[in-house]
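Student: After the structure tokens below, expect a handful of questions from me.
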Amino acid sequence: MYQLGKIDRKIYKCITDDVATDEVILTDNQLQHILERHPETYPDIIQYLKLAIESPDYIIADKHKNSGLVFKRIELENEYLQLVLRICTSQDNITYKNSVISCWRISEKRLQNYLRNKQVLYKKE
């Protein structure tokens with residue numbers, strides 16, 4: 001398990017009002033998922049996870065309850081880092097933390113498609 005930083009509860013209340021903790025982790029299982037499903041992602045953008053979590057550019061509604069799609073512009077080829085963040089609520093086990101489920105790189109064009117067709121919960125001012 002890797003500690004990735006802390007969320008700003010004011011920002012992430014857009015996903016759910018019931019934010020039980022501000023700590024964010026990446027489990028060994030989820031890291032393995034990223035390495036297997038998005039191998040091109042890991043070496044280049046893993047260093048940006050903390051920045052994306054602490055200062056997202058956009059958060060879009062995810063299909064799973066208490067989860068959001070978090071986007072952050074990164075310096076590599078004018079792309080965005082997209083990650084799925086599961087927010088821990090008071091209904092979860094008290095030992096759980098907010099958790100990165102997956103992450104990958106997307107283009108500006110793909111982000112604009114998301115912004116047009118999905119529910120935007122948060123936009124950085």
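Labels used: A, B, ... for chains in the order of the structure tokens, numbers from 1 for residues in each chain, and numbers from 1 for ligands as shown.
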Find the residues around Glu40 (chain A) up to 12 Å (only C-alpha atoms counted), leave out those fewer than 4 positions away in its own chain, and share them as an NGL selection string.

Tutor: :A and (34-36 or 44-46 or 103-106)

Student: If you count only C-alpha atoms, which residues fall within 6 Å of Ile59 (chain A), apart from same-chain ones fewer than 4 positions away, as a list in words?

Tutor: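 Residues meeting the cut-off are Leu69, Val70, Leu121 and Tyr122 of chain A.
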
Student: Would you save the residues from that selection as a short mmCIF file (atom, residue, chain, number, x, y, z; two decimals), in the first residue's frame, using C-alpha atoms?

Tutor:
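And here's part_23.cif as it stands now:
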data_model
loop_
_atom_site.label_atom_id
_atom_site.label_comp_id
_atom_site.auth_asym_id
_atom_site.auth_seq_id
_atom_site.Cartn_x
_atom_site.Cartn_y
_atom_site.Cartn_z
CA LEU A 69 -12.98 10.58 -12.63
CA VAL A 70 -10.20 13.01 -11.75
CA LEU A 121 -18.83 17.84 -10.86
CA TYR A 122 -15.86 20.16 -10.40
#

Student: Using only C-alpha atoms, can you tell me which of A:Tyr114, A:Tyr80, A:Phe71, A:Tyr2 comes closest to Leu31 (chain A)?

Tutor: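 Selected residue with least distance to Leu31 (chain A): A:Tyr2.
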
Student: Between CA of Thr27 (chain A) and CA of Val100 (chain A), what is the distance, to one decimal in Å?

Tutor: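 Here the two named atoms are 7.9 Å from each other.
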
Student: Cys88 (chain A): which residues within 12 Å, counting only C-alpha atoms, same-chain residues fewer than 5 positions away excluded, as a list in words?

Tutor: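 Non-adjacent residues within range: Ile7, Arg9, Tyr12, Lys13, Ile15, Thr16, Asp17, Asp18, Val19, Ala20, Thr21, Asp22, Glu23, Val24, Ile25, Lys65, Asn66, Ser67, Gly68, Asn93, Ile94, Thr95, Tyr96, Lys97, Asn98, Ser99 and Val100 of chain A.
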
Student: Any chance you could export the current selection's C-alpha atoms as a short mmCIF file (atom, residue, chain, number, x, y, z; two decimals), in the first residue's frame?

Tutor:
data_model
loop_
_atom_site.label_atom_id
_atom_site.label_comp_id
_atom_site.auth_asym_id
_atom_site.auth_seq_id
_atom_site.Cartn_x
_atom_site.Cartn_y
_atom_site.Cartn_z
CA ILE A 7 -7.66 15.33 -0.67
CA ARG A 9 -12.64 17.68 1.36
CA TYR A 12 -14.26 16.19 -3.25
CA LYS A 13 -17.64 16.85 -1.64
CA ILE A 15 -18.63 13.29 -5.36
CA THR A 16 -20.29 12.72 -1.98
CA ASP A 17 -20.98 14.82 1.11
CA ASP A 18 -19.95 11.84 3.24
CA VAL A 19 -16.14 11.99 3.04
CA ALA A 20 -14.81 9.90 5.95
CA THR A 21 -11.08 10.62 5.54
CA ASP A 22 -8.76 12.86 3.59
CA GLU A 23 -6.04 10.18 3.14
CA VAL A 24 -5.54 8.63 -0.32
CA ILE A 25 -3.84 5.32 -1.00
CA LYS A 65 -21.20 5.16 -6.36
CA ASN A 66 -18.82 7.38 -4.35
CA SER A 67 -16.28 7.45 -7.19
CA GLY A 68 -15.16 10.16 -9.55
CA ASN A 93 -15.07 -0.20 6.96
CA ILE A 94 -13.36 2.28 9.34
CA THR A 95 -9.92 1.05 8.24
CA TYR A 96 -10.55 1.96 4.57
CA LYS A 97 -9.08 5.06 2.92
CA ASN A 98 -9.85 6.94 -0.29
CA SER A 99 -8.31 4.83 -3.03
CA VAL A 100 -7.01 5.20 -6.58
#

Student: For a quick check of understanding, using only C-alpha atoms, which of A:Ile60, A:Ile101, A:Ile11, A:Leu49 has the smallest distance to Asn117 (chain A)?

Tutor: A:Ile60

Student: Write down as a PDB file with N, CA and C atoms, in the first residue's frame the residues belonging to region 10-113 of chain A that are assigned helix (DSSP H, G or I) by DSSP computed on the backbone.

Tutor:
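Output below, filename selection-v2.pdb:
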ATOM      1  N   LYS A  10     -13.324  19.919   0.649  1.00  0.00           N
ATOM      2  CA  LYS A  10     -14.236  20.870  -0.001  1.00  0.00           C
ATOM      3  C   LYS A  10     -14.371  20.558  -1.492  1.00  0.00           C
ATOM      4  N   ILE A  11     -13.279  20.184  -2.127  1.00  0.00           N
ATOM      5  CA  ILE A  11     -13.317  19.847  -3.552  1.00  0.00           C
ATOM      6  C   ILE A  11     -14.065  18.541  -3.775  1.00  0.00           C
ATOM      7  N   TYR A  12     -13.733  17.534  -3.009  1.00  0.00           N
ATOM      8  CA  TYR A  12     -14.257  16.188  -3.254  1.00  0.00           C
ATOM      9  C   TYR A  12     -15.662  15.957  -2.708  1.00  0.00           C
ATOM     10  N   ASP A  28      -1.612  -2.391  -3.433  1.00  0.00           N
ATOM     11  CA  ASP A  28      -0.772  -3.235  -4.288  1.00  0.00           C
ATOM     12  C   ASP A  28      -1.590  -3.849  -5.421  1.00  0.00           C
ATOM     13  N   ASN A  29      -2.837  -4.250  -5.118  1.00  0.00           N
ATOM     14  CA  ASN A  29      -3.708  -4.827  -6.157  1.00  0.00           C
ATOM     15  C   ASN A  29      -4.015  -3.825  -7.254  1.00  0.00           C
ATOM     16  N   GLN A  30      -4.297  -2.590  -6.879  1.00  0.00           N
ATOM     17  CA  GLN A  30      -4.621  -1.577  -7.879  1.00  0.00           C
ATOM     18  C   GLN A  30      -3.386  -1.171  -8.666  1.00  0.00           C
ATOM     19  N   LEU A  31      -2.228  -1.150  -8.018  1.00  0.00           N
ATOM     20  CA  LEU A  31      -0.987  -0.880  -8.746  1.00  0.00           C
ATOM     21  C   LEU A  31      -0.748  -1.985  -9.778  1.00  0.00           C
ATOM     22  N   GLN A  32      -0.983  -3.226  -9.395  1.00  0.00           N
ATOM     23  CA  GLN A  32      -0.831  -4.347 -10.324  1.00  0.00           C
ATOM     24  C   GLN A  32      -1.799  -4.197 -11.507  1.00  0.00           C
ATOM     25  N   HIS A  33      -3.031  -3.768 -11.218  1.00  0.00           N
ATOM     26  CA  HIS A  33      -4.018  -3.513 -12.277  1.00  0.00           C
ATOM     27  C   HIS A  33      -3.487  -2.465 -13.256  1.00  0.00           C
ATOM     28  N   ILE A  34      -2.955  -1.379 -12.741  1.00  0.00           N
ATOM     29  CA  ILE A  34      -2.429  -0.316 -13.602  1.00  0.00           C
ATOM     30  C   ILE A  34      -1.282  -0.845 -14.452  1.00  0.00           C
ATOM     31  N   LEU A  35      -0.391  -1.601 -13.846  1.00  0.00           N
ATOM     32  CA  LEU A  35       0.755  -2.148 -14.579  1.00  0.00           C
ATOM     33  C   LEU A  35       0.326  -3.115 -15.682  1.00  0.00           C
ATOM     34  N   GLU A  36      -0.731  -3.887 -15.421  1.00  0.00           N
ATOM     35  CA  GLU A  36      -1.200  -4.860 -16.412  1.00  0.00           C
ATOM     36  C   GLU A  36      -2.065  -4.226 -17.496  1.00  0.00           C
ATOM     37  N   ARG A  37      -2.981  -3.346 -17.116  1.00  0.00           N
ATOM     38  CA  ARG A  37      -3.944  -2.798 -18.063  1.00  0.00           C
ATOM     39  C   ARG A  37      -3.461  -1.531 -18.773  1.00  0.00           C
ATOM     40  N   TYR A  42       2.355   3.849 -16.283  1.00  0.00           N
ATOM     41  CA  TYR A  42       3.067   3.834 -15.014  1.00  0.00           C
ATOM     42  C   TYR A  42       4.361   4.640 -14.994  1.00  0.00           C
ATOM     43  N   PRO A  43       5.319   4.386 -15.879  1.00  0.00           N
ATOM     44  CA  PRO A  43       6.605   5.078 -15.713  1.00  0.00           C
ATOM     45  C   PRO A  43       6.515   6.586 -15.893  1.00  0.00           C
ATOM     46  N   ASP A  44       5.611   7.035 -16.759  1.00  0.00           N
ATOM     47  CA  ASP A  44       5.545   8.459 -17.074  1.00  0.00           C
ATOM     48  C   ASP A  44       4.701   9.282 -16.098  1.00  0.00           C
ATOM     49  N   ILE A  45       3.598   8.729 -15.636  1.00  0.00           N
ATOM     50  CA  ILE A  45       2.676   9.596 -14.899  1.00  0.00           C
ATOM     51  C   ILE A  45       2.458   9.240 -13.438  1.00  0.00           C
ATOM     52  N   ILE A  46       3.028   8.166 -12.968  1.00  0.00           N
ATOM     53  CA  ILE A  46       2.809   7.803 -11.575  1.00  0.00           C
ATOM     54  C   ILE A  46       3.281   8.929 -10.648  1.00  0.00           C
ATOM     55  N   GLN A  47       4.289   9.661 -11.083  1.00  0.00           N
ATOM     56  CA  GLN A  47       4.799  10.773 -10.273  1.00  0.00           C
ATOM     57  C   GLN A  47       3.796  11.922 -10.147  1.00  0.00           C
ATOM     58  N   TYR A  48       2.785  11.948 -11.023  1.00  0.00           N
ATOM     59  CA  TYR A  48       1.811  13.035 -11.001  1.00  0.00           C
ATOM     60  C   TYR A  48       0.555  12.700 -10.192  1.00  0.00           C
ATOM     61  N   LEU A  49       0.447  11.496  -9.665  1.00  0.00           N
ATOM     62  CA  LEU A  49      -0.764  11.104  -8.933  1.00  0.00           C
ATOM     63  C   LEU A  49      -1.050  12.025  -7.754  1.00  0.00           C
ATOM     64  N   LYS A  50      -0.057  12.298  -6.953  1.00  0.00           N
ATOM     65  CA  LYS A  50      -0.247  13.158  -5.776  1.00  0.00           C
ATOM     66  C   LYS A  50      -0.742  14.544  -6.202  1.00  0.00           C
ATOM     67  N   LEU A  51      -0.127  15.126  -7.212  1.00  0.00           N
ATOM     68  CA  LEU A  51      -0.538  16.435  -7.719  1.00  0.00           C
ATOM     69  C   LEU A  51      -1.979  16.402  -8.232  1.00  0.00           C
ATOM     70  N   ALA A  52      -2.316  15.363  -8.982  1.00  0.00           N
ATOM     71  CA  ALA A  52      -3.672  15.240  -9.528  1.00  0.00           C
ATOM     72  C   ALA A  52      -4.704  15.145  -8.411  1.00  0.00           C
ATOM     73  N   ILE A  53      -4.401  14.387  -7.386  1.00  0.00           N
ATOM     74  CA  ILE A  53      -5.329  14.206  -6.267  1.00  0.00           C
ATOM     75  C   ILE A  53      -5.488  15.497  -5.471  1.00  0.00           C
ATOM     76  N   GLU A  54      -4.392  16.181  -5.228  1.00  0.00           N
ATOM     77  CA  GLU A  54      -4.434  17.372  -4.392  1.00  0.00           C
ATOM     78  C   GLU A  54      -4.900  18.618  -5.139  1.00  0.00           C
ATOM     79  N   GLU A 108      -6.231  15.714 -25.121  1.00  0.00           N
ATOM     80  CA  GLU A 108      -7.105  16.879 -24.960  1.00  0.00           C
ATOM     81  C   GLU A 108      -8.457  16.621 -25.627  1.00  0.00           C
ATOM     82  N   LYS A 109      -8.417  16.017 -26.812  1.00  0.00           N
ATOM     83  CA  LYS A 109      -9.648  15.714 -27.544  1.00  0.00           C
ATOM     84  C   LYS A 109     -10.556  14.794 -26.726  1.00  0.00           C
ATOM     85  N   ARG A 110      -9.981  13.778 -26.109  1.00  0.00           N
ATOM     86  CA  ARG A 110     -10.772  12.851 -25.292  1.00  0.00           C
ATOM     87  C   ARG A 110     -11.365  13.563 -24.075  1.00  0.00           C
ATOM     88  N   LEU A 111     -10.562  14.421 -23.444  1.00  0.00           N
ATOM     89  CA  LEU A 111     -11.074  15.180 -22.301  1.00  0.00           C
ATOM     90  C   LEU A 111     -12.249  16.053 -22.727  1.00  0.00           C
ATOM     91  N   GLN A 112     -12.130  16.736 -23.847  1.00  0.00           N
ATOM     92  CA  GLN A 112     -13.209  17.611 -24.307  1.00  0.00           C
ATOM     93  C   GLN A 112     -14.481  16.804 -24.575  1.00  0.00           C
ATOM     94  N   ASN A 113     -14.329  15.591 -25.063  1.00  0.00           N
ATOM     95  CA  ASN A 113     -15.464  14.701 -25.267  1.00  0.00           C
ATOM     96  C   ASN A 113     -16.141  14.396 -23.928  1.00  0.00           C
TER      97      ASN A 113
END

Student: Between CA of Val84 (chain A) and CA of Leu115 (chain A), measure the distance and give it in Å to one decimal.

Tutor: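 If I compute the distance from CA of Val84 (chain A) to CA of Leu115 (chain A), I get 15.7 Å.
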
Student: Considering only C-alpha atoms, can you say which of A:Lys123, A:Leu85, A:Pro39, A:Leu26 comes closest to Lys63 (chain A)?

Tutor: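 Closest candidate: A:Leu85.
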
Student: Quick check for you: according to DSSP on this backbone, which residues of region 5-97 of chain A are classed as strand (DSSP E)? Reply as a PyMOL selection string.

Tutor: chain A and resi 5-6+23-26+58-61+67-73+80-86

Student: Take the residues from that selection and write them out as a PDB file, in the first residue's frame, keeping N, CA and C atoms.

Tutor:
ATOM      1  N   GLY A   5      -1.133  10.982  -0.571  1.00  0.00           N
ATOM      2  CA  GLY A   5      -1.397  12.355  -0.192  1.00  0.00           C
ATOM      3  C   GLY A   5      -2.768  12.494   0.431  1.00  0.00           C
ATOM      4  N   LYS A   6      -3.271  13.723   0.406  1.00  0.00           N
ATOM      5  CA  LYS A   6      -4.564  14.014   1.030  1.00  0.00           C
ATOM      6  C   LYS A   6      -5.424  14.832   0.073  1.00  0.00           C
ATOM      7  N   GLU A  23      -7.189  10.970   3.601  1.00  0.00           N
ATOM      8  CA  GLU A  23      -6.045  10.181   3.140  1.00  0.00           C
ATOM      9  C   GLU A  23      -6.372   9.427   1.845  1.00  0.00           C
ATOM     10  N   VAL A  24      -5.378   9.355   0.947  1.00  0.00           N
ATOM     11  CA  VAL A  24      -5.536   8.632  -0.316  1.00  0.00           C
ATOM     12  C   VAL A  24      -4.415   7.608  -0.435  1.00  0.00           C
ATOM     13  N   ILE A  25      -4.802   6.401  -0.848  1.00  0.00           N
ATOM     14  CA  ILE A  25      -3.838   5.315  -0.998  1.00  0.00           C
ATOM     15  C   ILE A  25      -3.933   4.701  -2.395  1.00  0.00           C
ATOM     16  N   LEU A  26      -2.911   3.955  -2.720  1.00  0.00           N
ATOM     17  CA  LEU A  26      -2.897   3.080  -3.889  1.00  0.00           C
ATOM     18  C   LEU A  26      -2.511   1.708  -3.355  1.00  0.00           C
ATOM     19  N   TYR A  58     -10.305  18.846 -13.241  1.00  0.00           N
ATOM     20  CA  TYR A  58     -11.719  18.500 -13.395  1.00  0.00           C
ATOM     21  C   TYR A  58     -12.009  17.232 -12.598  1.00  0.00           C
ATOM     22  N   ILE A  59     -13.250  17.129 -12.145  1.00  0.00           N
ATOM     23  CA  ILE A  59     -13.772  15.877 -11.608  1.00  0.00           C
ATOM     24  C   ILE A  59     -15.098  15.631 -12.311  1.00  0.00           C
ATOM     25  N   ILE A  60     -15.249  14.439 -12.859  1.00  0.00           N
ATOM     26  CA  ILE A  60     -16.449  14.058 -13.602  1.00  0.00           C
ATOM     27  C   ILE A  60     -17.093  12.864 -12.894  1.00  0.00           C
ATOM     28  N   ALA A  61     -18.409  12.822 -12.924  1.00  0.00           N
ATOM     29  CA  ALA A  61     -19.137  11.724 -12.285  1.00  0.00           C
ATOM     30  C   ALA A  61     -18.742  10.390 -12.896  1.00  0.00           C
ATOM     31  N   SER A  67     -17.507   7.404  -6.391  1.00  0.00           N
ATOM     32  CA  SER A  67     -16.280   7.452  -7.187  1.00  0.00           C
ATOM     33  C   SER A  67     -16.361   8.591  -8.185  1.00  0.00           C
ATOM     34  N   GLY A  68     -15.208   9.102  -8.565  1.00  0.00           N
ATOM     35  CA  GLY A  68     -15.156  10.164  -9.550  1.00  0.00           C
ATOM     36  C   GLY A  68     -13.971   9.980 -10.474  1.00  0.00           C
ATOM     37  N   LEU A  69     -14.078  10.549 -11.671  1.00  0.00           N
ATOM     38  CA  LEU A  69     -12.981  10.576 -12.631  1.00  0.00           C
ATOM     39  C   LEU A  69     -12.257  11.898 -12.434  1.00  0.00           C
ATOM     40  N   VAL A  70     -11.000  11.828 -12.070  1.00  0.00           N
ATOM     41  CA  VAL A  70     -10.199  13.009 -11.749  1.00  0.00           C
ATOM     42  C   VAL A  70      -9.231  13.245 -12.903  1.00  0.00           C
ATOM     43  N   PHE A  71      -9.136  14.505 -13.342  1.00  0.00           N
ATOM     44  CA  PHE A  71      -8.281  14.858 -14.482  1.00  0.00           C
ATOM     45  C   PHE A  71      -7.301  15.945 -14.078  1.00  0.00           C
ATOM     46  N   LYS A  72      -6.051  15.777 -14.561  1.00  0.00           N
ATOM     47  CA  LYS A  72      -5.011  16.768 -14.321  1.00  0.00           C
ATOM     48  C   LYS A  72      -4.136  16.859 -15.556  1.00  0.00           C
ATOM     49  N   ARG A  73      -3.913  18.085 -16.053  1.00  0.00           N
ATOM     50  CA  ARG A  73      -2.997  18.271 -17.189  1.00  0.00           C
ATOM     51  C   ARG A  73      -1.590  17.941 -16.722  1.00  0.00           C
ATOM     52  N   TYR A  80      -3.504  14.637 -20.508  1.00  0.00           N
ATOM     53  CA  TYR A  80      -4.088  14.676 -19.172  1.00  0.00           C
ATOM     54  C   TYR A  80      -3.906  13.326 -18.504  1.00  0.00           C
ATOM     55  N   LEU A  81      -3.753  13.387 -17.213  1.00  0.00           N
ATOM     56  CA  LEU A  81      -3.797  12.185 -16.390  1.00  0.00           C
ATOM     57  C   LEU A  81      -5.249  12.012 -15.967  1.00  0.00           C
ATOM     58  N   GLN A  82      -5.791  10.834 -16.189  1.00  0.00           N
ATOM     59  CA  GLN A  82      -7.143  10.518 -15.739  1.00  0.00           C
ATOM     60  C   GLN A  82      -7.023   9.414 -14.706  1.00  0.00           C
ATOM     61  N   LEU A  83      -7.667   9.602 -13.576  1.00  0.00           N
ATOM     62  CA  LEU A  83      -7.673   8.546 -12.582  1.00  0.00           C
ATOM     63  C   LEU A  83      -9.067   8.375 -12.021  1.00  0.00           C
ATOM     64  N   VAL A  84      -9.333   7.170 -11.560  1.00  0.00           N
ATOM     65  CA  VAL A  84     -10.594   6.864 -10.895  1.00  0.00           C
ATOM     66  C   VAL A  84     -10.291   6.848  -9.406  1.00  0.00           C
ATOM     67  N   LEU A  85     -11.006   7.682  -8.659  1.00  0.00           N
ATOM     68  CA  LEU A  85     -10.803   7.783  -7.216  1.00  0.00           C
ATOM     69  C   LEU A  85     -12.076   7.368  -6.499  1.00  0.00           C
ATOM     70  N   ARG A  86     -11.949   6.398  -5.621  1.00  0.00           N
ATOM     71  CA  ARG A  86     -13.072   5.934  -4.794  1.00  0.00           C
ATOM     72  C   ARG A  86     -12.973   6.643  -3.456  1.00  0.00           C
TER      73      ARG A  86
END

Student: Have a look at CA of Asp57 (chain A) and CA of Ile74 (chain A) and let me know their distance in Å, one decimal.

Tutor: 10.4 Å
